[in-house]
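**Student:** Pasting a structure below so you can have a look.
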2 protein chains.
Amino acid sequence: MSDIILVNGLILADPANGQAVPHGMTVISRDRLVQANVSKEEIQGKYTVIDCSDCLIMPGLINCHTHAAMSLFRGLADDLPLGTWLTDYIFPSETRHAGPEFVYLGTKLSAVEMALGGITTFADGYFHMEEAARAVIDVGLRAVVAQGILDVATRDCLVPGAWKSRIEEFLSACPKNSLISPALFCHSAYLCGPDTFVAAQKICSEQGLLLFTHASETEGEVDEISEKYGARPFEHLSNIGILRKGLVAVHAIHLTDTEKQLLAKSGAAAVHCPEANMKLASGAARVQDLLNLGVVVGLGTDGPASNNNLDLFEEMRSASLMGKLISGNPESMAARTVVNMATIGGAKVLGMEDKIGSLHSGKKADVAIVALDRPHLTPVYDPISHLVYSAKASDVRDVIVNGEIIVRQGRIMTVDEAELRAQVRAMAADIAKDLSIGNHGAVN
Amino acid sequence: MSDIILVNGLILADPANGQAVPHGMTVISRDRLVQANVSKEEIQGKYTVIDCSDCLIMPGLINCHTHAAMSLFRGLADDLPLGTWLTDYIFPSETRHAGPEFVYLGTKLSAVEMALGGITTFADGYFHMEEAARAVIDVGLRAVVAQGILDVATRDCLVPGAWKSRIEEFLSACPKNSLISPALFCHSAYLCGPDTFVAAQKICSEQGLLLFTHASETEGEVDEISEKYGARPFEHLSNIGILRKGLVAVHAIHLTDTEKQLLAKSGAAAVHCPEANMKLASGAARVQDLLNLGVVVGLGTDGPASNNNLDLFEEMRSASLMGKLISGNPESMAARTVVNMATIGGAKVLGMEDKIGSLHSGKKADVAIVALDRPHLTPVYDPISHLVYSAKASDVRDVIVNGEIIVRQGRIMTVDEAELRAQVRAMAADIAKDLSIGNHGAVN
């Protein structure tokens, strides 16, 4: 692979300062951004030149929470209470179908969708996560692949409580690749007891892995944990010694002021998934409050079965709009705040802020190039406003991950998209048959 | 123009029944959908054939509220309180720039954006509306062009109170074209007194025109109207005899149960603009309540300066997500409900349900063809779910209005898009200079 030069356009190098400025030249050498001035003569023949005229060059987006393989359940059932959705549709389908090949195929489809939408890194949590890692590598994204841990039996750990041997197997089988960071995912305080959390945390500490959990997603969860442990979810996590740096708490919706303070002091990070939270009527996280307290917060799409896509542009917009609505303050969750969350904020959540999240020399070359020459982005008074309030994932023209061009002119370069879609449709036809629902994907 | 045949794919002919079914053939003869079985031999050479394999054929979307020309102010200023935004940015820019050429150009840009996103009809409200009509005709969309009426001086009516002669001028100058329906737009009860409303209503009744108004958008408006008239906005409109069939009330957010009942009994229609309402922190309309009471409700984007795009796919998703969040009920504002609002519901709001909003034989041929062969729309268990929860405006492949193909393979066929963008950028550079803000569109 030859080195790359990006020329022309505007650049948002540092989301923390929020300024997009006219751009001269960015050099990508192997997997890194380097400071260099290259003459016209040197460019000829030696570099892959990407002309970014009428584009915005920005750090690749970071999706801090999803269950990527669940794209195979996308739109299977909607507009239902969480219980009905899980019990009548998702659980039976997972039990029957969510094996290794399902995880590979579903994750691959999701990785392609995310790449096309400018996401260069994502944090995933599901089962058979060595298969997810394989799919991520094949597409060329960067990912944290977190193996799910529950106290009940799961698809890849049939004996309740036997998760430790499954984790050993996963950590051993997970491909060693610079794009992949393995991690653990204790599902939640209602499906993992204190002993499980503490033991998982010990493994993570010893091996330098992140620990994820869903926390305070619904009022029902708050009631259940309060009744069982005499403490609200974030108090409970703190009481058992889990709420600390290295923990990523997903959702963080129903927090008292005391819990917000606990979270802020702990060094744990939070992930905000506004569209899934709205769609399931879970509630609205008070993200501006958390940010004001200094909590590190990233953005996540949540799984494509409950969203139903993996579009971080939509999540940025929804994070801003929902934040303004619930606070009654149009200045809340400003465009620059959410762009920051979707880039360097997400990098901090994943402990990767030294590698990704901004376009500084020496960082990994994870770059999204957004076309601004579209009617809905015309004129351009403020490109950062456009990213949040006007742009779509489909405005992403090119994507570079780890110095490799994986999307060019809106096309995925690393996999055969049509073949992948055909494979997915075949598997979806089986899933639909079992549930006796329509599958129009297979019809066509 | 030759007749058109759509073949293959799925079709959502009747949004009210919400079923997308495998499609055989749809014949478009001149400007209308006709029932016909055409043999393969007859097709050859006589028809423009559009293959809709892997697509969903649906009625064109209907955007029931915007201020299209304001695309020229898109992203000029965001994350601000309404007062600051209006007083420091929008009003001074309108005073200086919003002349006839501005309205033509801005409306043209917006019409192109809407066409590309599957919108075939929109209801517009602004000034110099004969210019808006010209732009709409040039792009080939269908529109209700409503001339703004205020008790204060406006850009095209410099003498306060002289609006009647301006209306006469507008109605005389507005192009007579089957795509264009002129209408009047009394801005709001806080900027139009009862006499103005009554006089405008009289003109509308006599000439068979719709009357639009913004109603109950903010708490501040409710307080102001209550103090001035001793009645809340919808009570006030009812008291002065305006709340009746033919009135389109935009926003309808802060309604008491009494006002909801008044609205339902009146036969007036409502328009829901969820993204603008969230962005300006105006509040959340209780749309499911209104629908349950039998109110005719359409969807609107509101103007591109406060949204900041004209994407009805986003509005469908936001209407559903916001509705679920504020009700705490994931079954509220289901996918089928919002697709209905965005098609036949909108047609009813505009009094055009006999012409548009569904794909029944004899109706005008206003059709959107949505590509389903995208990673984020794979697999397809339920195409209606996909329209709301997964799809983007950029998934619209082809658009037909009044029997004319105006978008093909994602490209606008009726205007030179690059030339239009260049004209917009030039005007935006002037606007930015006056406000001493950036204009990155002109830089490139």
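Each chain in the structure tokens gets a letter, A, B, ..., in the order shown, and its residues are numbered from 1; ligands are numbered from 1 in order too.
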Run DSSP on the backbone and give me the residues of range 197-377 of chain A it puts in strand (DSSP E), as an MDAnalysis selection string.

**Tutor:** chainID A and resid 211:215 247:251 269:272 297:299 367:371

**Student:** Find the residues in chain A near chain B: any atom within 6 Å counts, using only C-alpha atoms. Write them as a ChimeraX atom specification.

**Tutor:** /A:54,75-76,79-81,113,278-281,308-309,321,324-325,328-331,334,375-376,379-381,385,389-390,425,438-441,444

**Student:** Just the selected residues (N, CA and C atoms), exported as a short mmCIF file (atom, residue, chain, number, x, y, z; two decimals), in the first residue's frame, please.

**Tutor:**
data_model
loop_
_atom_site.label_atom_id
_atom_site.label_comp_id
_atom_site.auth_asym_id
_atom_site.auth_seq_id
_atom_site.Cartn_x
_atom_site.Cartn_y
_atom_site.Cartn_z
N ASP A 54 -14.22 20.72 -1.78
CA ASP A 54 -15.66 20.64 -1.44
C ASP A 54 -15.97 19.56 -0.41
N GLY A 75 -35.35 -4.75 12.10
CA GLY A 75 -36.72 -4.58 11.64
C GLY A 75 -37.57 -5.84 11.75
N LEU A 76 -37.08 -6.80 12.53
CA LEU A 76 -37.83 -8.05 12.71
C LEU A 76 -39.13 -7.79 13.44
N ASP A 79 -42.04 -1.32 17.51
CA ASP A 79 -43.23 -0.71 18.12
C ASP A 79 -43.86 -1.63 19.15
N LEU A 80 -42.98 -2.34 19.88
CA LEU A 80 -43.46 -3.30 20.89
C LEU A 80 -42.83 -2.98 22.23
N PRO A 81 -43.51 -3.38 23.31
CA PRO A 81 -42.86 -3.28 24.63
C PRO A 81 -41.61 -4.16 24.65
N GLU A 113 -21.81 -1.24 6.91
CA GLU A 113 -22.69 -0.08 7.09
C GLU A 113 -21.98 1.03 7.86
N MET A 278 -34.93 6.36 22.97
CA MET A 278 -36.23 6.91 22.59
C MET A 278 -37.12 5.81 22.03
N LYS A 279 -36.55 4.98 21.16
CA LYS A 279 -37.37 3.98 20.46
C LYS A 279 -37.99 2.98 21.43
N LEU A 280 -37.22 2.62 22.48
CA LEU A 280 -37.73 1.69 23.47
C LEU A 280 -38.43 2.41 24.62
N ALA A 281 -38.54 3.75 24.49
CA ALA A 281 -39.17 4.57 25.54
C ALA A 281 -38.50 4.34 26.90
N ASN A 308 -33.05 1.45 14.05
CA ASN A 308 -32.59 0.20 13.50
C ASN A 308 -31.45 0.36 12.49
N ASN A 309 -30.57 1.29 12.74
CA ASN A 309 -29.40 1.39 11.88
C ASN A 309 -28.18 1.74 12.72
N LEU A 321 -30.85 17.18 19.65
CA LEU A 321 -32.27 17.56 19.66
C LEU A 321 -32.95 17.10 20.95
N LYS A 324 -31.83 19.22 23.93
CA LYS A 324 -32.48 20.54 23.96
C LYS A 324 -33.93 20.40 24.45
N LEU A 325 -34.62 19.38 23.93
CA LEU A 325 -36.03 19.19 24.30
C LEU A 325 -36.19 18.97 25.80
N GLY A 328 -35.26 21.98 27.82
CA GLY A 328 -35.95 23.23 27.47
C GLY A 328 -34.99 24.33 27.09
N ASN A 329 -33.75 23.96 26.78
CA ASN A 329 -32.71 24.95 26.51
C ASN A 329 -32.06 24.70 25.15
N PRO A 330 -32.30 25.60 24.17
CA PRO A 330 -31.74 25.37 22.83
C PRO A 330 -30.22 25.50 22.78
N GLU A 331 -29.61 26.00 23.86
CA GLU A 331 -28.14 26.10 23.88
C GLU A 331 -27.50 24.81 24.37
N ALA A 334 -24.87 21.49 22.22
CA ALA A 334 -24.55 22.22 20.98
C ALA A 334 -23.84 21.30 19.98
N PRO A 375 -26.97 19.44 -2.18
CA PRO A 375 -27.98 20.50 -1.97
C PRO A 375 -28.31 20.72 -0.50
N HIS A 376 -28.46 19.63 0.27
CA HIS A 376 -28.87 19.79 1.67
C HIS A 376 -27.73 20.30 2.55
N PRO A 379 -25.89 26.51 1.48
CA PRO A 379 -24.48 26.87 1.52
C PRO A 379 -23.80 26.37 2.80
N VAL A 380 -22.50 26.65 2.94
CA VAL A 380 -21.76 26.22 4.12
C VAL A 380 -21.29 27.44 4.91
N TYR A 381 -22.09 27.86 5.89
CA TYR A 381 -21.62 28.91 6.80
C TYR A 381 -20.78 28.30 7.90
N SER A 385 -21.88 22.79 12.29
CA SER A 385 -23.34 22.78 12.34
C SER A 385 -23.89 21.79 11.33
N TYR A 389 -26.64 18.96 12.13
CA TYR A 389 -28.03 19.33 11.85
C TYR A 389 -28.46 19.10 10.40
N SER A 390 -27.53 18.86 9.48
CA SER A 390 -27.92 18.75 8.07
C SER A 390 -27.40 17.50 7.39
N ARG A 425 -29.37 -12.19 3.14
CA ARG A 425 -30.76 -12.46 2.77
C ARG A 425 -31.12 -13.93 2.91
N GLY A 438 -42.93 -12.00 7.46
CA GLY A 438 -42.51 -11.71 6.09
C GLY A 438 -41.01 -11.57 6.00
N ASN A 439 -40.47 -11.87 4.86
CA ASN A 439 -39.07 -11.55 4.59
C ASN A 439 -38.99 -11.09 3.16
N HIS A 440 -39.12 -9.79 2.98
CA HIS A 440 -39.14 -9.25 1.63
C HIS A 440 -37.75 -9.23 1.02
N GLY A 441 -36.73 -9.32 1.91
CA GLY A 441 -35.38 -9.38 1.38
C GLY A 441 -35.17 -10.63 0.55
N ASN A 444 -37.12 -10.67 -3.09
CA ASN A 444 -36.55 -10.00 -4.26
C ASN A 444 -35.39 -10.77 -4.86
#

**Student:** Using only C-alpha atoms, which of the listed residues (B:Gly118, B:Gly125, B:Gly403, B:Gly357) sits closest to Pro182 in chain B?

**Tutor:**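 When distances to Pro182 in chain B are compared using only C-alpha atoms, the smallest one comes from B:Gly125.
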
**Student:** Would you please work out which residue, of B:Leu191, B:Val370, B:Ala231, B:Ala269, is nearest to Gly294 in chain B when using only C-alpha atoms?

**Tutor:**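 Among the listed residues, the smallest separation from Gly294 in chain B belongs to B:Ala269.
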
**Student:** Pick out the residues sitting within 9 Å of Gly99 in chain B, and hand them over as a VMD selection string; count only C-alpha atoms, and ignore anything fewer than 4 positions along from it in its own chain.

**Tutor:** chain B and resid 94 to 95 103 to 104 127 to 128 155 to 156

**Student:** Report, in Å to a single decimal, how far apart CA of Asn402 in chain B and CA of Ile50 in chain B are.

**Tutor:**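 Separation of CA of Ile50 in chain B and CA of Asn402 in chain B: 15.9 Å.
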
**Student:** Let me make sure I understand: among A:Ala146, A:Ile400, A:Leu158, A:Val198, which one has the smallest atom-to-atom distance to Asp366 in chain A if we use only C-alpha atoms?

**Tutor:**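 Distance minimum relative to Asp366 in chain A lands on A:Ile400.
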